[in-house]
Structures are given as C-alpha cells and as structure tokens.
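Chemist: This is start_32.cif (mmCIF, C-alpha atoms).
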```cif
data_upload
loop_
_atom_site.label_atom_id
_atom_site.label_comp_id
_atom_site.auth_asym_id
_atom_site.auth_seq_id
_atom_site.Cartn_x
_atom_site.Cartn_y
_atom_site.Cartn_z
CA MET A 26 20.54 -13.34 -11.96
CA LYS A 27 16.84 -13.44 -11.05
CA THR A 28 17.65 -12.99 -7.36
CA PHE A 29 19.68 -9.87 -8.19
CA GLN A 30 16.88 -8.47 -10.36
CA LYS A 31 14.26 -9.13 -7.68
CA SER A 32 16.45 -7.47 -5.05
CA ILE A 33 16.82 -4.29 -7.14
CA LEU A 34 13.08 -4.20 -7.76
CA MET A 35 12.42 -4.58 -4.04
CA VAL A 36 14.77 -1.69 -3.24
CA ILE A 37 12.76 0.46 -5.65
CA ILE A 38 9.41 -0.68 -4.20
CA THR A 39 10.60 -0.02 -0.64
CA VAL A 40 11.64 3.56 -1.47
CA VAL A 41 8.28 4.17 -3.16
CA PHE A 42 6.40 2.88 -0.12
CA LEU A 43 8.47 5.20 2.10
CA ASP A 44 7.25 8.05 -0.08
CA LEU A 45 3.64 6.88 0.11
CA PHE A 46 3.79 6.61 3.88
CA THR A 47 5.11 10.14 4.32
CA GLN A 48 2.65 11.60 1.80
CA LEU A 49 -0.37 9.96 3.41
CA THR A 50 0.47 10.59 7.06
CA ASN A 51 2.37 13.91 7.10
CA GLN A 52 0.51 15.91 4.46
CA GLN A 53 -0.16 18.95 6.60
CA GLN A 54 3.48 19.32 7.59
CA LEU A 55 4.42 20.11 3.99
CA ILE A 56 2.55 23.39 4.43
CA THR A 57 5.18 24.55 6.93
CA LEU A 58 7.72 24.69 4.10
CA MET A 59 5.57 27.03 2.03
CA SER A 60 5.65 30.79 2.20
CA LYS A 61 3.21 32.21 4.73
CA THR A 62 1.65 34.30 1.97
CA VAL A 63 0.62 31.13 0.09
CA LYS A 64 -2.53 29.47 1.42
CA ILE A 65 -2.71 25.70 0.90
CA ASP A 66 -6.10 24.17 1.62
CA GLU A 67 -6.76 20.49 2.31
CA MET A 68 -8.36 20.02 -1.10
CA ALA A 69 -4.96 20.61 -2.69
CA PHE A 70 -3.77 17.33 -1.21
CA GLY A 71 -6.50 15.49 -3.11
CA VAL A 72 -4.50 15.99 -6.30
CA TYR A 73 -1.96 13.36 -5.21
CA PRO A 74 -4.38 10.39 -4.84
CA ILE A 75 -6.21 11.31 -8.05
CA ALA A 76 -2.94 11.44 -9.99
CA PHE A 77 -1.88 8.19 -8.30
CA LEU A 78 -5.05 6.43 -9.47
CA VAL A 79 -4.60 7.70 -13.04
CA GLY A 80 -0.97 6.58 -12.99
CA CYS A 81 -1.93 3.10 -11.77
CA LEU A 82 -4.44 2.58 -14.57
CA PHE A 83 -2.20 4.12 -17.24
CA SER A 84 0.93 2.15 -16.39
CA GLY A 85 -1.00 -1.06 -15.72
CA TYR A 86 -2.68 -0.99 -19.12
CA PHE A 87 0.29 0.07 -21.24
CA ILE A 88 3.04 -1.88 -19.45
CA ASN A 89 2.97 -4.65 -22.07
CA TYR A 90 3.15 -2.31 -25.04
CA PHE A 91 5.94 0.23 -24.72
CA PHE A 92 7.39 0.30 -21.21
CA HIS A 93 11.10 -0.31 -20.70
CA PHE A 94 13.03 -0.53 -17.43
CA SER A 95 14.84 2.70 -18.27
CA LEU A 96 11.50 4.48 -17.79
CA ILE A 97 11.58 3.44 -14.13
CA SER A 98 15.09 4.90 -13.77
CA VAL A 99 14.04 8.23 -15.28
CA SER A 100 10.87 8.33 -13.17
CA LEU A 101 12.88 7.68 -10.00
CA PHE A 102 15.19 10.58 -10.82
CA LEU A 103 12.18 12.86 -11.41
CA LEU A 104 10.70 11.75 -8.09
CA GLY A 105 13.92 12.82 -6.40
CA LEU A 106 13.55 16.23 -8.00
CA CYS A 107 9.93 16.39 -6.79
CA GLN A 108 11.11 15.93 -3.19
CA GLY A 109 13.51 18.84 -3.60
CA GLY A 110 10.80 20.86 -5.30
CA TYR A 111 8.67 20.95 -2.16
CA MET A 112 11.44 22.90 -0.42
CA ILE A 113 11.66 25.66 -3.03
CA ILE A 114 8.17 26.19 -4.51
CA SER A 115 6.39 29.38 -3.46
CA SER A 116 3.01 29.35 -5.20
CA TYR A 117 -0.25 27.45 -4.89
CA LYS A 118 -0.33 26.52 -8.59
CA SER A 119 3.21 25.13 -8.46
CA PHE A 120 2.26 23.04 -5.45
CA LEU A 121 -0.70 21.54 -7.34
CA TYR A 122 1.40 20.70 -10.41
CA LEU A 123 4.12 19.17 -8.27
CA LYS A 124 1.65 16.99 -6.35
CA MET A 125 0.09 15.89 -9.63
CA VAL A 126 3.39 14.85 -11.20
CA HIS A 127 4.51 13.28 -7.94
CA GLY A 128 1.41 11.09 -7.56
CA PHE A 129 1.48 9.96 -11.19
CA LEU A 130 5.16 8.99 -11.12
CA VAL A 131 4.86 7.11 -7.82
CA ALA A 132 1.98 5.07 -9.23
CA LEU A 133 3.86 4.38 -12.44
CA VAL A 134 7.02 3.16 -10.69
CA LEU A 135 5.12 1.12 -8.11
CA THR A 136 2.84 -0.61 -10.60
CA ILE A 137 5.59 -1.49 -13.09
CA SER A 138 8.03 -2.65 -10.40
CA LEU A 139 5.42 -4.81 -8.66
CA THR A 140 4.37 -6.34 -11.97
CA TYR A 141 7.95 -7.21 -12.85
CA LEU A 142 8.62 -8.63 -9.38
CA ILE A 143 5.49 -10.79 -9.31
CA ASN A 144 6.27 -12.16 -12.76
CA LEU A 145 9.84 -13.02 -11.71
CA ILE A 146 8.86 -15.04 -8.62
CA GLU A 147 8.05 -18.71 -9.24
CA LYS A 148 4.56 -19.95 -8.38
CA GLU A 149 5.77 -22.87 -6.24
CA LYS A 150 7.36 -20.65 -3.57
CA PHE A 151 5.62 -17.36 -4.20
CA GLU A 152 4.18 -16.67 -0.73
CA SER A 153 7.43 -17.33 1.11
CA GLU A 154 9.46 -15.22 -1.33
CA ILE A 155 7.04 -12.30 -1.37
CA CYS A 156 7.13 -12.25 2.44
CA ARG A 157 10.92 -12.25 2.42
CA TYR A 158 11.10 -9.36 -0.03
CA PHE A 159 8.25 -7.31 1.44
CA ILE A 160 9.67 -7.44 4.96
CA SER A 161 11.99 -4.56 4.06
CA ILE A 162 9.03 -2.16 3.66
CA PRO A 163 7.82 -1.99 7.29
CA ILE A 164 11.42 -2.16 8.57
CA PHE A 165 12.56 0.92 6.64
CA ILE A 166 9.33 2.80 7.32
CA LEU A 167 9.87 2.10 11.01
CA LEU A 168 13.46 3.36 10.83
CA LEU A 169 12.48 6.57 9.02
CA PHE A 170 9.53 7.08 11.37
CA SER A 171 11.74 6.55 14.44
CA PHE A 172 14.26 9.15 13.26
CA ASN A 173 11.52 11.66 12.49
CA THR A 174 9.74 11.36 15.83
CA GLY A 175 12.88 10.92 17.91
CA PHE A 176 16.26 12.39 17.11
CA LEU A 177 15.19 14.80 14.39
CA GLU A 178 11.67 15.80 15.39
CA LYS A 179 12.37 19.53 14.96
CA PHE A 180 13.47 18.98 11.36
CA GLU A 181 11.04 16.19 10.47
CA VAL A 182 9.79 17.55 7.15
CA GLN A 183 13.16 18.69 5.83
CA TRP A 184 14.86 15.48 6.95
CA THR A 185 12.21 13.28 5.33
CA LEU A 186 12.33 15.15 2.03
CA PHE A 187 16.12 15.07 1.98
CA ILE A 188 16.28 11.32 2.67
CA LEU A 189 13.65 10.57 0.00
CA MET A 190 15.35 12.86 -2.53
CA PHE A 191 18.69 11.16 -1.94
CA SER A 192 17.11 7.67 -2.04
CA PHE A 193 15.25 8.24 -5.30
CA ILE A 194 18.24 9.74 -7.07
CA PHE A 195 20.62 7.07 -5.72
CA VAL A 196 18.37 4.18 -6.82
CA SER A 197 17.83 5.87 -10.19
CA ILE A 198 21.56 6.12 -10.86
CA LEU A 199 22.10 2.58 -9.55
CA SER A 200 19.48 1.13 -11.88
CA LEU A 201 20.93 3.01 -14.86
CA LEU A 202 24.40 1.65 -14.11
CA LEU A 203 22.99 -1.88 -13.90
CA MET A 204 20.68 -1.51 -16.89
CA GLU A 205 22.28 -4.35 -18.87
CA TYR A 206 21.25 -6.79 -16.11
CA LEU A 207 17.75 -5.37 -15.75
CA THR A 208 16.52 -5.07 -19.34
CA GLU A 209 15.88 -8.83 -19.44
CA ILE A 210 12.87 -8.44 -17.13
CA ASN A 211 10.90 -6.30 -19.58
CA ILE A 212 7.69 -8.18 -20.32
CA LYS A 213 7.10 -9.05 -23.96
CA ILE A 214 3.58 -10.39 -24.44
CA THR A 215 1.50 -10.81 -27.54
CA HIS A 216 -1.85 -9.10 -27.81
CA GLN A 217 -4.88 -11.11 -26.68
CA PRO A 218 -8.58 -10.76 -27.59
CA LYS A 219 -10.46 -8.01 -25.79
CA LYS A 220 -13.09 -10.42 -24.43
CA GLN A 221 -10.46 -12.66 -22.86
CA TYR A 222 -8.70 -9.58 -21.53
CA ASN A 223 -11.88 -8.27 -19.86
CA ASN A 224 -12.80 -11.68 -18.43
CA SER A 225 -9.46 -11.98 -16.67
CA LEU A 226 -10.12 -8.66 -14.88
CA ILE A 227 -13.43 -9.80 -13.38
CA MET A 228 -12.62 -13.34 -12.35
CA PRO A 229 -14.29 -14.20 -9.00
CA GLY A 230 -10.95 -14.65 -7.23
CA VAL A 231 -9.76 -11.27 -8.48
CA VAL A 232 -13.01 -9.49 -7.60
CA TYR A 233 -12.77 -10.76 -4.01
CA ARG A 234 -9.32 -9.19 -3.85
CA TYR A 235 -10.64 -5.87 -5.13
CA LEU A 236 -13.22 -5.92 -2.33
CA THR A 237 -10.67 -6.91 0.31
CA VAL A 238 -8.09 -4.25 -0.57
CA ILE A 239 -10.72 -1.48 -0.54
CA ILE A 240 -11.95 -2.53 2.89
CA SER A 241 -8.47 -3.02 4.33
CA GLY A 242 -7.45 0.39 2.96
CA PHE A 243 -10.57 1.95 4.54
CA THR A 244 -9.67 0.32 7.85
CA ILE A 245 -6.08 1.57 7.81
CA GLY A 246 -7.35 5.06 6.96
CA THR A 247 -9.68 4.92 9.97
CA LEU A 248 -6.90 3.61 12.20
CA PHE A 249 -4.29 6.19 11.21
CA GLN A 250 -6.78 9.04 11.51
CA THR A 251 -7.46 7.83 15.06
CA PHE A 252 -3.73 7.93 15.82
CA ILE A 253 -3.22 11.42 14.44
CA ASN A 254 -6.49 13.15 15.43
CA SER A 255 -6.16 13.61 19.19
CA GLN A 256 -9.67 15.09 19.35
CA MET A 257 -11.26 11.67 18.79
CA PHE A 258 -10.05 9.87 21.90
CA PRO A 259 -7.35 10.64 24.47
CA LEU A 260 -5.07 7.65 23.84
CA LYS A 261 -3.05 6.11 26.67
CA PHE A 262 -0.05 5.71 24.36
CA SER A 263 1.45 8.17 21.88
CA SER A 264 0.71 7.90 18.18
CA PRO A 265 4.34 7.07 17.27
CA LEU A 266 4.29 4.12 19.66
CA LEU A 267 1.03 2.78 18.21
CA ILE A 268 2.19 3.16 14.60
CA SER A 269 5.49 1.49 15.53
CA THR A 270 3.58 -1.38 17.14
CA PHE A 271 1.60 -1.87 13.93
CA LEU A 272 4.79 -1.91 11.83
CA ILE A 273 6.67 -4.26 14.19
CA VAL A 274 3.85 -6.83 14.25
CA LEU A 275 3.54 -6.57 10.47
CA THR A 276 7.27 -7.28 10.18
CA LEU A 277 7.08 -10.26 12.54
CA THR A 278 4.13 -11.71 10.67
CA LEU A 279 5.92 -11.52 7.33
CA SER A 280 9.09 -13.02 8.82
CA THR A 281 7.38 -16.09 10.30
CA LYS A 282 5.25 -18.93 8.97
CA LEU A 283 2.13 -16.90 9.69
CA GLY A 284 2.82 -14.98 6.49
CA THR A 285 2.48 -18.15 4.41
CA ILE A 286 -0.60 -19.52 6.17
CA THR A 287 -2.54 -19.09 2.93
CA ASN A 288 -0.72 -22.18 1.61
CA GLU A 289 -2.31 -24.23 4.40
CA ILE A 290 -5.86 -22.92 4.60
CA GLY A 291 -6.46 -21.29 1.21
CA GLU A 292 -6.81 -17.73 -0.06
CA ILE A 293 -10.49 -17.08 0.75
CA LYS A 294 -10.12 -18.29 4.35
CA THR A 295 -7.01 -16.15 4.81
CA MET A 296 -8.86 -13.05 3.59
CA LEU A 297 -11.77 -13.91 5.88
CA ILE A 298 -9.54 -14.29 8.93
CA SER A 299 -7.74 -11.02 8.17
CA LEU A 300 -10.97 -9.07 7.82
CA LEU A 301 -12.42 -10.59 10.99
CA LEU A 302 -9.28 -9.61 12.91
CA MET A 303 -9.71 -6.04 11.69
CA SER A 304 -13.39 -6.01 12.65
CA PHE A 305 -12.61 -7.38 16.11
CA GLY A 306 -9.89 -4.78 16.59
CA LEU A 307 -12.19 -1.95 15.50
CA SER A 308 -14.97 -3.04 17.86
CA LEU A 309 -12.57 -3.01 20.83
CA LEU A 310 -10.64 0.14 19.91
CA PRO A 311 -12.98 2.73 21.55
CA LEU A 312 -13.12 0.63 24.71
CA LEU A 313 -9.34 0.30 25.13
CA THR A 314 -8.13 3.84 24.48
CA GLN A 315 -7.01 4.20 28.11
CA SER A 316 -5.94 0.60 28.62
CA VAL A 317 -2.57 -1.11 28.35
CA LEU A 318 -4.35 -3.62 26.10
CA LEU A 319 -4.53 -0.94 23.40
CA VAL A 320 -1.09 -2.07 22.19
CA VAL A 321 -2.37 -5.66 21.91
CA ASN A 322 -5.40 -4.42 20.00
CA ILE A 323 -3.25 -2.52 17.50
CA SER A 324 -1.20 -5.69 17.03
CA LEU A 325 -4.29 -7.35 15.55
CA PHE A 326 -4.20 -4.92 12.62
CA GLY A 327 -0.52 -5.61 11.99
CA LEU A 328 -1.22 -9.34 12.05
CA ALA A 329 -4.19 -8.98 9.69
CA TYR A 330 -2.19 -6.93 7.20
CA GLY A 331 0.71 -9.37 7.35
CA LEU A 332 -1.65 -12.21 6.41
CA LEU A 333 -3.21 -10.22 3.56
CA ILE A 334 -0.06 -9.14 1.70
CA PRO A 335 1.09 -12.60 0.47
CA CYS A 336 -2.52 -13.69 0.01
CA ILE A 337 -3.46 -10.79 -2.28
CA TRP A 338 -0.35 -10.91 -4.46
CA GLY A 339 -0.22 -14.72 -4.44
CA GLY A 340 -3.72 -14.83 -5.86
CA ILE A 341 -2.73 -12.48 -8.67
CA LYS A 342 0.20 -14.74 -9.53
CA GLU A 343 -2.03 -17.83 -9.45
CA ASN A 344 -5.18 -16.60 -11.18
CA VAL A 345 -4.22 -13.77 -13.54
CA ILE A 346 -2.37 -14.30 -16.81
CA SER A 347 0.79 -12.23 -17.23
CA SER A 348 -0.62 -10.10 -20.05
CA THR A 349 -3.25 -8.59 -17.74
CA SER A 350 -1.36 -8.72 -14.45
CA GLY A 351 -0.12 -5.14 -14.86
CA LEU A 352 -3.63 -3.68 -15.03
CA VAL A 353 -4.88 -5.85 -12.16
CA ILE A 354 -1.94 -4.80 -9.99
CA GLY A 355 -2.56 -1.16 -10.94
CA LEU A 356 -6.23 -1.53 -9.99
CA ILE A 357 -5.36 -3.10 -6.65
CA ASN A 358 -2.90 -0.30 -5.82
CA GLY A 359 -5.44 2.34 -6.83
CA LEU A 360 -8.36 0.73 -4.98
CA HIS A 361 -6.30 0.36 -1.83
CA LEU A 362 -5.44 4.07 -1.87
CA ILE A 363 -9.08 4.97 -2.56
CA GLY A 364 -10.13 2.89 0.45
CA TYR A 365 -7.50 4.58 2.61
CA ILE A 366 -8.57 8.10 1.57
CA LEU A 367 -12.26 7.29 2.11
CA GLY A 368 -11.56 5.85 5.56
CA TRP A 369 -9.41 8.86 6.46
CA ILE A 370 -12.01 11.41 5.31
CA PHE A 371 -15.01 9.55 6.76
CA THR A 372 -13.39 9.14 10.18
CA LYS A 373 -12.22 12.75 10.27
CA SER A 374 -15.66 14.09 9.29
CA ILE A 375 -17.58 12.29 12.08
CA TYR A 376 -14.88 11.93 14.73
CA HIS A 377 -17.07 13.79 17.27
CA GLN A 378 -19.54 10.88 17.22
CA HIS A 379 -16.83 8.67 18.73
CA TYR A 380 -18.07 5.14 18.04
CA SER A 381 -19.67 5.79 14.64
CA PRO A 382 -16.54 5.43 12.43
CA TYR A 383 -15.65 2.09 14.01
CA LEU A 384 -19.19 0.69 13.94
CA PHE A 385 -19.62 1.68 10.30
CA ASN A 386 -16.25 0.19 9.37
CA SER A 387 -17.05 -3.04 11.24
CA PHE A 388 -20.41 -3.23 9.46
CA ILE A 389 -18.70 -2.98 6.06
CA ILE A 390 -16.22 -5.69 7.02
CA ILE A 391 -18.90 -8.08 8.30
CA SER A 392 -20.93 -7.54 5.12
CA ALA A 393 -17.91 -8.49 3.00
CA CYS A 394 -17.25 -11.51 5.22
CA ILE A 395 -20.72 -12.85 4.38
CA PHE A 396 -19.72 -13.06 0.71
CA LEU A 397 -16.45 -14.77 1.63
CA ILE A 398 -18.23 -17.28 3.88
CA SER A 399 -20.69 -18.10 1.09
CA LYS A 400 -17.72 -18.65 -1.25
CA ILE A 401 -16.11 -21.03 1.27
CA HIS A 402 -19.43 -22.89 1.57
CA GLN A 403 -19.64 -23.24 -2.21
CA GLN A 404 -16.10 -24.59 -2.35
CA ALA A 405 -16.92 -27.14 0.36
CA ILE A 406 -19.99 -28.35 -1.55
CA SER A 407 -18.01 -28.59 -4.79
CA SER A 408 -15.29 -30.66 -3.13
CA LYS A 409 -17.91 -33.07 -1.71
CA LEU A 410 -19.55 -33.51 -5.09
CA LYS A 411 -16.19 -34.31 -6.69
CA ARG A 412 -15.66 -37.09 -4.13
#
```
Would you kindly transcribe this structure into structure tokens?

Modeler:
Amino acid sequence: MKTFQKSILMVIITVVFLDLFTQLTNQQQLITLMSKTVKIDEMAFGVYPIAFLVGCLFSGYFINYFFHFSLISVSLFLLGLCQGGYMIISSYKSFLYLKMVHGFLVALVLTISLTYLINLIEKEKFESEICRYFISIPIFILLLFSFNTGFLEKFEVQWTLFILMFSFIFVSILSLLLMEYLTEINIKITHQPKKQYNNSLIMPGVVYRYLTVIISGFTIGTLFQTFINSQMFPLKFSSPLLISTFLIVLTLTLSTKLGTITNEIGEIKTMLISLLLMSFGLSLLPLLTQSVLLVVNISLFGLAYGLLIPCIWGGIKENVISSTSGLVIGLINGLHLIGYILGWIFTKSIYHQHYSPYLFNSFIIISACIFLISKIHQQAISSKLKR
C-alpha cells in the first residue's frame, strides 16, 4: 500500500515540477497569448514567486492542523483551470490574479506532497528510494522540453499549457477516485511546545541546508539565464541542447550509485562536493563558450544537483521531527526559488560585464564552502576525542 501511495505522490510532484520549469524558463512567451492591447511588464511575473513563497510557508506551518489529502485533489483541479485561464484572459489585472493563485496553489501542492512522501519513506533506505522516485522529474521535463523545441516549436506555449492543464485535471480526478487509499497518509501529530518547535527549525544541519539550497538555486538561475540570454556569450551549442545535457546528467546521477554517495561520505561532505563542482563549472563557463568541452562543463552542474537532491531531503528525514518537517520543507522550497530568482535577475542585470556574474557566484559558493569545511573539521576533532 505504501508503494502505491508514494507512486501517486510522485506523479503529483512530477506534474508540479513540470509547471515550475515552464513558469521559470518560458515566462515571456505567455505574453504572446495576451491581447496586443494589454501590456504585461516583467514585474508582473514577480507575483508568481511571491505567491509561491507565501504558499510554502502557509502550507508548511498548517499541514499538521487541518490539511487533508482531498485539498491536494481540489488544488490540482484548480491548477488545471489556471493553465486554461492563461489562454482566455484579456486584462492585466486578471493576469496578476491568475499568477497569484497559480503560485500559491503550486507551493501548497508541492509542500504537502513532499512532506507526505518524505514521511512515508523509511530512514534505512531513504536516499536510494528518493533517487528512484525523483528520477521521473528530469525525465518528464526533458520529454516536454524536447517536444516544445522540436516537433511543436511553433505552438510551444499553447502545447505546454494544454499538456499541463490535462495533466493537472487528470491527476486530480485520479486522486479523488483513489481517495480511500490515500487518506491514510494524512499526518496526525500532537502539538509540541513553541520552543522545541523553533529549535528544530534552526538546527545546524538544517541551517546548512538552507544555505546550500539558496546558493544552488542562485547558481541554476545564473546558468539558465546564460542559456536563454544570447547577448551574454555566443554559445557554441544551442540552449535546448545545453538544458537537455543538464537534465540527462541529472537523470543518470539519480539512477546510479552516485545519487546515494551521501551514505558513504556523509551529508556535509556531499554538500561541499556539490558546491565545489558548481564553482568549478562557473569558473570555466566563460572560457568554454565556443568549445566542445562546454557540454562537459554543463554536465558538472547536472552531477552536482543529482548529488544534492538525496542529500538535502535525506537530512530532513534524519534530523527534523515529523511535526516540523512540513515547515522546513516549505522553507527549503521557498528559499530555493528565491535563490533562483536572485541569480536570474542578478545575471540579467550585469550580463554586459561578462565574467562578473560567474565570479560573484563562485565567490558566494567558496564562502559557503568555508563554513562547510570548518564543520567537517569539527566533526573530525569530535570523532578523535570520542576514541
């Protein structure tokens, strides 16, 4: 029964990530669906991440009090309607309201589904299972991305919205039909003291994850802005090929033993290796824009991300009690998106300075690595003293 429940949750999470990918990489193309008399500025797209952050915090905090799985089903159906709404709205105000509702519902579904999934997976085999379930995300993003940029490039926006609308509504109906098998996963937890609740949110292991997801999000924002903004560097390979390379390497990492390397070397070392791979890739990126080795360089980011995913969520399972896991997961989702948006905006604003975005990003990563190295040193000293 648990395997069935986890599979349904992973289907939901995969569809939500498809939506996130399209919203964060193809924002400007939504404007082509609007009436030419309606002017949509870039600031209007800031509503989505703000609503997403609010939704993460709201759903993460209240998940243990009144949420029921049926709320996910209803939210999925509403998300399907949101996709269709983009094709019929004709005013600026309607666009803002739709983006606001859209971002909030995506955050709500993602946070609740991830919390349920992480609580269902056993600690003993968490990393291997989370890799097996999460492998569907890059695979389906790659499939959707391939269709958009290949066979259906002329109808990319309409095709994407139609597929997402169908997917959300289909999964919503499916979950409602299977509700009797899914209601068991609703978390029922007694209230705990506020002091204990706050302490679990700022545990050292959790704080390191906050820092890592912000930086990794910033890096991915920088990377994707480089792919899309052709004014930065003339790239030897097309953006679709580079994004596909990132997704393929991410898939391969999750599908091999590399994804569970955190079991062998520990969580802090895994985060350190991932961040150093990103820093190394960023430092080489401006030098390899016209080289065949650019594909190899992009592969480093896919590898780094593949190492981080089981490490981040495994640490939540190991260190955070179930009554606060929802809020921690919501914070991690929100912080990762904040990092992505900051990296995207920062890189876009100073793209004409060429090397500056990558040097600044590398500097941030190296600074964070110093804290991780000091933590590893402290752990080594503690283990020697115990002997």

Chemist: Hey, what comes out of the PyMOL selection byres ((chain A and resi 188) around 12) on this file? Could you write it as a PyMOL selection string?

Modeler: chain A and resi 40+43-44+47+105+108-109+165-166+168-170+172-173+180-187+189-195

Chemist: Choose the residue, out of A:Val231, A:Ala393, A:Leu167, A:Ala329, that has the smallest atom-to-atom separation from A:Ile268; count only C-alpha atoms.

Modeler: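 Looking only at the distances to A:Ile268, the closest residue turns out to be A:Leu167.
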
Chemist: List the residues matched by the PyMOL selection byres ((chain A and resi 307) around 12) in the displayed structure as an MDAnalysis selection string, ordered by chain and then by residue number.

Modeler: chainID A and resid 241 243:245 247:248 251 300:306 308:314 319 322:326 380:391

Chemist: Please tell me which residues are no farther than 9 Å from (-3.1, -16.4, -5.8) in the file, counting only C-alpha atoms, and write them as a list of chain:residue names.

Modeler: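 Within 9 Å of (-3.1, -16.4, -5.8), the protein and nucleic acid residues are A:Lys148, A:Phe151, A:Glu152, A:Gly230, A:Val231, A:Glu292, A:Pro335, A:Cys336, A:Ile337, A:Trp338, A:Gly339, A:Gly340, A:Ile341, A:Lys342, A:Glu343, A:Asn344, A:Val345.
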
Chemist: Could you write out the selected residues, including C-alpha atoms, as a PDB file, keeping the file's coordinate frame?

Modeler:
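And here is the file that came out, result-v6.pdb:
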```
ATOM      1  CA  LYS A 148       4.560 -19.950  -8.380  1.00  0.00           C
ATOM      2  CA  PHE A 151       5.620 -17.360  -4.200  1.00  0.00           C
ATOM      3  CA  GLU A 152       4.180 -16.670  -0.730  1.00  0.00           C
ATOM      4  CA  GLY A 230     -10.950 -14.650  -7.230  1.00  0.00           C
ATOM      5  CA  VAL A 231      -9.760 -11.270  -8.480  1.00  0.00           C
ATOM      6  CA  GLU A 292      -6.810 -17.730  -0.060  1.00  0.00           C
ATOM      7  CA  PRO A 335       1.090 -12.600   0.470  1.00  0.00           C
ATOM      8  CA  CYS A 336      -2.520 -13.690   0.010  1.00  0.00           C
ATOM      9  CA  ILE A 337      -3.460 -10.790  -2.280  1.00  0.00           C
ATOM     10  CA  TRP A 338      -0.350 -10.910  -4.460  1.00  0.00           C
ATOM     11  CA  GLY A 339      -0.220 -14.720  -4.440  1.00  0.00           C
ATOM     12  CA  GLY A 340      -3.720 -14.830  -5.860  1.00  0.00           C
ATOM     13  CA  ILE A 341      -2.730 -12.480  -8.670  1.00  0.00           C
ATOM     14  CA  LYS A 342       0.200 -14.740  -9.530  1.00  0.00           C
ATOM     15  CA  GLU A 343      -2.030 -17.830  -9.450  1.00  0.00           C
ATOM     16  CA  ASN A 344      -5.180 -16.600 -11.180  1.00  0.00           C
ATOM     17  CA  VAL A 345      -4.220 -13.770 -13.540  1.00  0.00           C
TER      18      VAL A 345
END
```

Chemist: Go through the shown structure with the PyMOL selection byres ((chain A and resi 143-145) around 8) and write out the matching residues as JSON, numbers by chain.

Modeler: {"A": [27, 31, 139, 140, 141, 142, 146, 147, 210, 338, 342, 347]}

Chemist: Pick from A:Phe83, A:Lys150, A:Cys156, A:Ser116: nearest to A:Val134, with all atoms listed in the file counted?

Modeler: A:Phe83

Chemist: Calculate how many Å separate atom CA of A:Phe70 from atom CA of A:Thr270, rounding to one decimal.

Modeler: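 Atom CA of A:Phe70 sits 27.2 Å away from atom CA of A:Thr270.
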
Chemist: If I take atom CA of A:Phe77 and atom CA of A:Thr50, how far is one from the other in Å, to one decimal?

Modeler: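 Taking atom CA of A:Phe77 and atom CA of A:Thr50, their separation equals 15.7 Å.
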
Chemist: Grab all the atoms of stretch 110-125 of chain A that the file lists, wrap them in a box along x, y and z, add 6 Å per side, and give me centre plus edge lengths in Å (one decimal) as lines of an AutoDock Vina configuration file.

Modeler:
```
center_x = 5.5
center_y = 22.6
center_z = -5.4
size_x = 24.4
size_y = 25.5
size_z = 22.0
```

Chemist: Within 9 Å of stretch 274-283 of chain A, counting all atoms listed in the file, which residues show up once you throw out same-chain ones fewer than 2 positions away? Write them as a ChimeraX atom specification, please.

Modeler: /A:153,155-157,159-164,269-272,285-287,323-332,334-335

Chemist: Can you work out which one of A:Leu356, A:Val238, A:Ile406, A:Leu96 has the shortest atom-to-atom distance to A:Leu82, counting all atoms listed in the file?

Modeler: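 Closest to A:Leu82 of all the choices is A:Leu356.
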
Chemist: From the set A:Val320, A:Thr39, A:Thr372, A:Leu236, which residue has the shortest atom-to-atom contact distance to A:Leu135, counting only C-alpha atoms?

Modeler: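 Looking at the shortest contact to A:Leu135, the residue is A:Thr39.
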
Chemist: For a quick check of understanding, using only C-alpha atoms, which of A:Leu130, A:Thr349, A:Leu103, A:Gly246 has the smallest distance to A:Phe371?

Modeler: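 Closest residue, counting only C-alpha atoms: A:Gly246.
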
Chemist: So which one's closest to A:Leu397, A:Arg234, A:Ile354, A:Val321, A:Gly242? Using all atoms listed in the file, please.

Modeler: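 For A:Leu397, the nearest of the candidates is A:Arg234.
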